[in-house]
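Q: The file below is upload.tsv, TSV, C-alpha atoms and all ligand atoms:
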```
chain	number	residue	atom	x	y	z
A	1	MET	CA	113.25	53.75	56.24
A	2	THR	CA	114.99	56.48	58.19
A	3	ALA	CA	114.36	57.41	61.78
A	4	PRO	CA	114.22	61.13	62.50
A	5	ALA	CA	117.72	62.49	62.93
A	6	THR	CA	116.95	63.69	66.42
A	7	ARG	CA	116.31	60.14	67.51
A	8	ARG	CA	119.42	58.70	65.92
A	9	LEU	CA	121.81	61.39	67.08
A	10	LYS	CA	121.41	60.80	70.77
A	11	TYR	CA	123.91	63.43	71.89
A	12	LEU	CA	121.93	66.13	70.13
A	13	GLN	CA	118.60	65.43	71.70
A	14	GLY	CA	116.98	68.63	72.82
A	15	TYR	CA	118.44	70.71	69.98
A	16	CYS	CA	116.12	72.05	67.33
A	17	GLY	CA	115.44	70.06	64.21
A	18	ASP	CA	117.21	72.47	61.85
A	19	THR	CA	120.42	72.34	63.84
A	20	VAL	CA	120.38	68.57	64.02
A	21	ALA	CA	119.59	68.32	60.32
A	22	ARG	CA	122.64	70.45	59.48
A	23	VAL	CA	124.87	68.22	61.57
A	24	GLU	CA	123.38	65.18	59.91
A	25	GLN	CA	124.02	66.64	56.45
A	26	LEU	CA	127.69	67.15	57.27
A	27	LEU	CA	127.85	63.66	58.69
A	28	LEU	CA	126.35	62.08	55.61
A	29	ALA	CA	128.68	64.09	53.36
A	30	ASN	CA	131.67	62.92	55.44
A	31	ARG	CA	132.48	66.52	56.24
A	32	LEU	CA	131.73	66.67	59.94
A	33	GLY	CA	135.30	65.83	60.97
A	34	ASP	CA	136.70	68.55	58.70
A	35	TRP	CA	134.20	71.04	60.03
A	36	LEU	CA	135.30	70.34	63.61
A	37	GLN	CA	139.01	70.31	62.86
A	38	ASN	CA	138.75	73.47	60.88
A	39	LYS	CA	137.20	75.21	63.85
A	40	TYR	CA	139.51	73.59	66.40
A	41	PRO	CA	142.83	72.69	64.81
A	42	ALA	CA	144.78	71.45	67.82
A	43	ALA	CA	144.46	69.50	71.05
A	44	HIS	CA	145.36	70.89	74.44
A	45	GLN	CA	148.49	69.77	76.25
A	46	VAL	CA	147.01	68.74	79.58
A	47	ARG	CA	148.20	65.15	79.37
A	48	THR	CA	148.51	63.80	82.88
A	49	ASP	CA	146.45	63.68	86.05
A	50	LYS	CA	148.93	66.05	87.67
A	51	ALA	CA	148.59	68.54	84.82
A	52	LEU	CA	144.82	68.19	84.99
A	53	TYR	CA	144.83	68.84	88.72
A	54	ASP	CA	146.86	72.03	88.22
A	55	TYR	CA	144.60	73.13	85.39
A	56	VAL	CA	141.42	72.61	87.44
A	57	GLN	CA	142.98	74.23	90.46
A	58	GLN	CA	143.90	77.34	88.48
A	59	LEU	CA	140.39	77.69	87.15
A	60	ARG	CA	138.89	77.12	90.57
A	61	LEU	CA	141.05	79.83	92.13
A	62	ALA	CA	140.31	82.24	89.32
A	63	CYS	CA	136.55	81.75	89.21
A	64	LEU	CA	135.31	80.00	92.32
A	65	ARG	CA	137.40	81.20	95.19
A	66	GLY	CA	134.81	80.31	97.78
A	67	ALA	CA	134.42	76.70	96.66
A	68	GLU	CA	135.77	73.89	98.75
A	69	PRO	CA	139.22	72.60	97.88
A	70	LEU	CA	139.53	69.49	95.77
A	71	ALA	CA	141.10	66.37	97.14
A	72	LYS	CA	141.57	64.68	93.82
A	73	VAL	CA	141.30	65.37	90.11
A	74	LEU	CA	141.94	62.78	87.43
A	75	PHE	CA	141.30	61.44	83.98
A	76	ASP	CA	139.24	58.28	84.31
A	77	SER	CA	139.35	55.76	81.51
A	78	LYS	CA	136.40	53.92	83.01
A	79	LEU	CA	134.11	56.87	82.46
A	80	HIS	CA	132.39	56.63	79.16
A	81	ALA	CA	130.93	59.40	77.17
A	82	VAL	CA	127.40	58.23	77.69
A	83	GLN	CA	126.74	60.14	80.84
A	84	HIS	CA	125.15	63.51	80.55
A	85	ALA	CA	128.21	65.41	81.59
A	86	LEU	CA	131.16	63.19	80.75
A	87	GLY	CA	132.69	63.74	84.11
A	88	THR	CA	131.72	63.12	87.67
A	89	HIS	CA	132.01	65.07	90.82
A	90	THR	CA	131.69	63.28	94.10
A	91	SER	CA	131.78	64.17	97.66
A	92	ILE	CA	133.04	61.36	99.82
A	93	SER	CA	131.98	61.87	103.37
A	94	ARG	CA	133.67	60.17	106.22
A	95	VAL	CA	133.77	60.65	109.92
A	96	GLN	CA	137.09	61.80	111.30
A	97	GLY	CA	136.91	61.77	115.04
A	98	THR	CA	133.66	63.47	115.68
A	99	ARG	CA	133.67	65.58	112.56
A	100	LEU	CA	132.24	64.68	109.21
A	101	LYS	CA	134.74	65.49	106.54
A	102	ALA	CA	133.86	65.71	102.89
A	103	LYS	CA	136.47	65.10	100.22
A	104	ARG	CA	135.67	66.51	96.85
A	105	GLU	CA	136.93	64.92	93.72
A	106	ILE	CA	136.50	65.47	90.01
A	107	ARG	CA	136.94	62.77	87.40
A	108	ILE	CA	137.05	63.64	83.73
A	109	ALA	CA	136.45	61.00	81.05
A	110	ALA	CA	139.77	59.97	79.50
A	111	LEU	CA	138.64	60.94	76.01
A	112	PHE	CA	139.12	64.55	77.10
A	113	LYS	CA	142.87	64.02	76.97
A	114	GLU	CA	142.54	64.35	73.23
A	115	VAL	CA	140.29	67.30	72.61
A	116	PRO	CA	140.78	71.00	71.88
A	117	PRO	CA	141.43	73.24	74.90
A	118	GLU	CA	137.96	74.74	74.57
A	119	PHE	CA	136.26	71.37	75.13
A	120	LEU	CA	138.43	70.56	78.13
A	121	LYS	CA	137.61	73.90	79.66
A	122	MET	CA	133.91	73.40	79.08
A	123	ILE	CA	133.82	70.05	80.85
A	124	VAL	CA	135.97	71.27	83.73
A	125	VAL	CA	133.74	74.31	84.13
A	126	HIS	CA	130.75	71.96	84.26
A	127	GLU	CA	132.24	69.86	87.01
A	128	LEU	CA	133.51	72.86	88.96
A	129	ALA	CA	130.07	74.45	88.85
A	130	HIS	CA	128.73	71.36	90.60
A	131	LEU	CA	130.84	72.23	93.63
A	132	LYS	CA	128.35	75.03	94.19
A	133	GLU	CA	125.21	73.93	92.40
A	134	ARG	CA	124.18	70.29	92.42
A	135	ALA	CA	121.27	70.29	90.01
A	136	HIS	CA	121.31	71.20	86.33
A	137	ASP	CA	119.15	74.20	86.93
A	138	LYS	CA	119.22	77.87	85.99
A	139	ALA	CA	121.68	78.82	88.71
A	140	PHE	CA	123.99	76.03	87.59
A	141	TYR	CA	124.09	77.13	83.95
A	142	GLN	CA	124.50	80.75	84.97
A	143	LEU	CA	127.57	79.77	86.91
A	144	CYS	CA	128.90	77.79	83.93
A	145	SER	CA	128.39	80.78	81.65
A	146	TYR	CA	130.10	83.04	84.15
A	147	MET	CA	133.19	80.82	84.09
A	148	GLU	CA	133.05	80.26	80.33
A	149	PRO	CA	130.92	82.79	78.42
A	150	ASN	CA	130.83	80.48	75.42
A	151	TYR	CA	129.63	77.53	77.52
A	152	HIS	CA	126.45	76.70	75.63
A	153	GLN	CA	128.04	76.86	72.21
A	154	LEU	CA	130.91	74.65	73.38
A	155	ASP	CA	128.47	72.21	74.93
A	156	PHE	CA	126.78	71.92	71.55
A	157	GLU	CA	130.02	71.49	69.62
A	158	LEU	CA	131.26	68.89	72.06
A	159	ARG	CA	128.06	66.96	71.42
A	160	VAL	CA	128.69	67.28	67.71
A	161	TYR	CA	132.12	65.74	68.27
A	162	LEU	CA	130.67	62.90	70.34
A	163	THR	CA	128.21	62.26	67.55
A	164	TYR	CA	131.09	62.16	65.08
A	165	LEU	CA	133.04	59.84	67.37
A	166	GLU	CA	130.14	57.47	67.72
A	167	GLN	CA	129.52	57.32	64.00
A	168	SER	CA	133.12	57.17	62.80
A	169	GLY	CA	134.91	55.51	65.71
A	170	THR	CA	137.90	57.81	65.09
A	171	ARG	CA	139.26	60.37	67.49
A	172	LEU	CA	139.98	63.63	65.72
A	173	TRP	CA	142.69	65.06	67.94
A	174	GLY	CA	144.56	61.94	68.95
A	175	GLN	CA	148.27	62.32	69.47
A	176	PRO	CA	151.02	60.00	70.58
A	177	GLU	CA	151.68	59.87	74.30
A	178	PRO	CA	154.91	61.53	75.39
A	179	PRO	CA	157.36	58.85	76.51
A	180	GLY	CA	157.31	57.74	80.12
A	181	ILE	CA	153.69	58.40	80.86
A	182	SER	CA	151.72	55.42	81.94
A	183	GLU	CA	148.25	55.01	80.55
A	184	ASN	CA	147.46	52.36	83.11
A	185	ARG	CA	147.25	54.54	86.13
A	186	THR	CA	144.62	53.08	88.35
A	187	ALA	CA	142.18	55.09	90.33
A	188	ALA	CA	143.49	54.35	93.77
A	189	GLY	CA	140.98	54.42	96.57
A	190	SER	CA	141.13	57.54	98.64
A	201	ZN	ZN	126.38	67.75	85.61
```
As structure tokens, what does this structure read like?
Ligand SMILES: [Zn+2]
A:
Amino acid sequence: MTAPATRRLKYLQGYCGDTVARVEQLLLANRLGDWLQNKYPAAHQVRTDKALYDYVQQLRLACLRGAEPLAKVLFDSKLHAVQHALGTHTSISRVQGTRLKAKREIRIAALFKEVPPEFLKMIVVHELAHLKERAHDKAFYQLCSYMEPNYHQLDFELRVYLTYLEQSGTRLWGQPEPPGISENRTAAGS
């Protein structure tokens, strides 16, 4: 008794049956990890919140000059890969004197510390695009594709990796932490 692949592979919902079936074939043959690693041999080197902030900032200045500045950018180990986008973008509004001030922050799920540079860029592009477009609509995806022309393909391949991760429980691009970097950084209130 087998459920249709589309229903079992939750990250690939919305993709056509043929595509999902191909992923499932690789999965069943234990070749999905090789397929991914072959395409993306190495992880990026953005290892800390500070490095992530600089990375996001660079991309924002290059592609979204008009967007509001970011107050905070961090890897968040409490974010799990079950949300649609694997990151969050929030705008915390508070009254300062008589003016309402919004602080923008971007949190990226900690699993993105150990992915190829292409996947990190894709997720950062997604969250940056939300600074301008809130909904996942046409304008939003146009902006994503403007910042990363390969956005849709990367979105798909990231979902393939999440599927692999869910089925195997093994991270493909894990690497030892450089010494002196604390994993237990807490998300301090802002
Ligand atoms: Zn989103």
Q: From the options A:Leu61, A:Val125, A:Leu172, A:Leu26, which residue's atoms come nearest to ligand ZN 201 (chain A), counting all atoms listed in the file?
A: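 Between A:Leu61, A:Val125, A:Leu172, A:Leu26, the residue approaching ligand ZN 201 (chain A) most closely is A:Val125.
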Q: Extending 4 Å beyond the listed atoms of range 120-138 of chain A on each side, what axis-aligned box results? I want centre and edge lengths in Å to one decimal, as lines of an AutoDock Vina configuration file.
A:
```
center_x = 128.8
center_y = 73.9
center_z = 86.2
size_x = 27.3
size_y = 16.0
size_z = 24.1
```
Q: Between A:Gln25, A:Phe156, A:Ser77, A:Cys144, which has the minimum distance to ligand ZN 201 (chain A) (counting only C-alpha atoms and all ligand atoms)?
A: A:Cys144
Q: What is the CA of Phe112 in chain A-CA of Phe75 in chain A distance in Å, reported with one decimal?
A: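 Taking CA of Phe112 in chain A as the start and CA of Phe75 in chain A as the end point, the length is 7.9 Å.
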Q: Which neighbours of Trp35 in chain A fall inside 12 Å, counting only C-alpha atoms, when residues of the same chain fewer than 3 positions from it are skipped, and could you give them as a VMD selection string?
A: chain A and resid 22 to 23 25 to 27 29 to 32 38 to 41 157 160 to 161 164 172
Q: Which one of A:Leu36, A:Leu165, A:Ile106, A:Leu9 sits closest to ligand ZN 201 (chain A) if you count all atoms listed in the file?
A: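 Selected residue with least distance to ligand ZN 201 (chain A): A:Ile106.
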Q: Work out how far CA of Glu127 in chain A is from CA of His152 in chain A, in Å to one decimal.
A: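 Computed distance, CA of His152 in chain A to CA of Glu127 in chain A, equals 14.5 Å.
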Q: Find the residue from A:Lys121, A:His126, A:Lys138, A:Lys132 that sits nearest to ligand ZN 201 (chain A); use all atoms listed in the file when measuring.
A: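 Of the candidates, the smallest distance to ligand ZN 201 (chain A) is held by A:His126.
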Q: Tell me, in Å to one decimal, how far CA of Leu143 in chain A is from CA of Leu131 in chain A.
A: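 These two atoms are separated by 10.6 Å.
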Q: For each of A:Leu154, A:Gly174, A:Leu128, A:Thr163, take the minimum atom-to-atom distance to ligand ZN 201 (chain A), counting only C-alpha atoms and all ligand atoms, then give the residue where this is smallest.
A: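 Counting only C-alpha atoms and all ligand atoms, the residue closest to ligand ZN 201 (chain A) is A:Leu128.
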Q: Rank A:Glu148, A:Glu24, A:Asp34, A:Glu133 by their smallest atom-to-atom distance to ligand ZN 201 (chain A), using all atoms listed in the file, and report the top residue only.
A: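 Of A:Glu148, A:Glu24, A:Asp34, A:Glu133, the one nearest ligand ZN 201 (chain A) is A:Glu133, counting all atoms listed in the file.
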Q: Which residues, written as number ranges by chain, have at least one atom at most 7 Å from range 115-118 of chain A, with all atoms listed in the file counted and residues fewer than 4 positions away on the same chain left out?
A: A: 40, 42-44, 122, 173
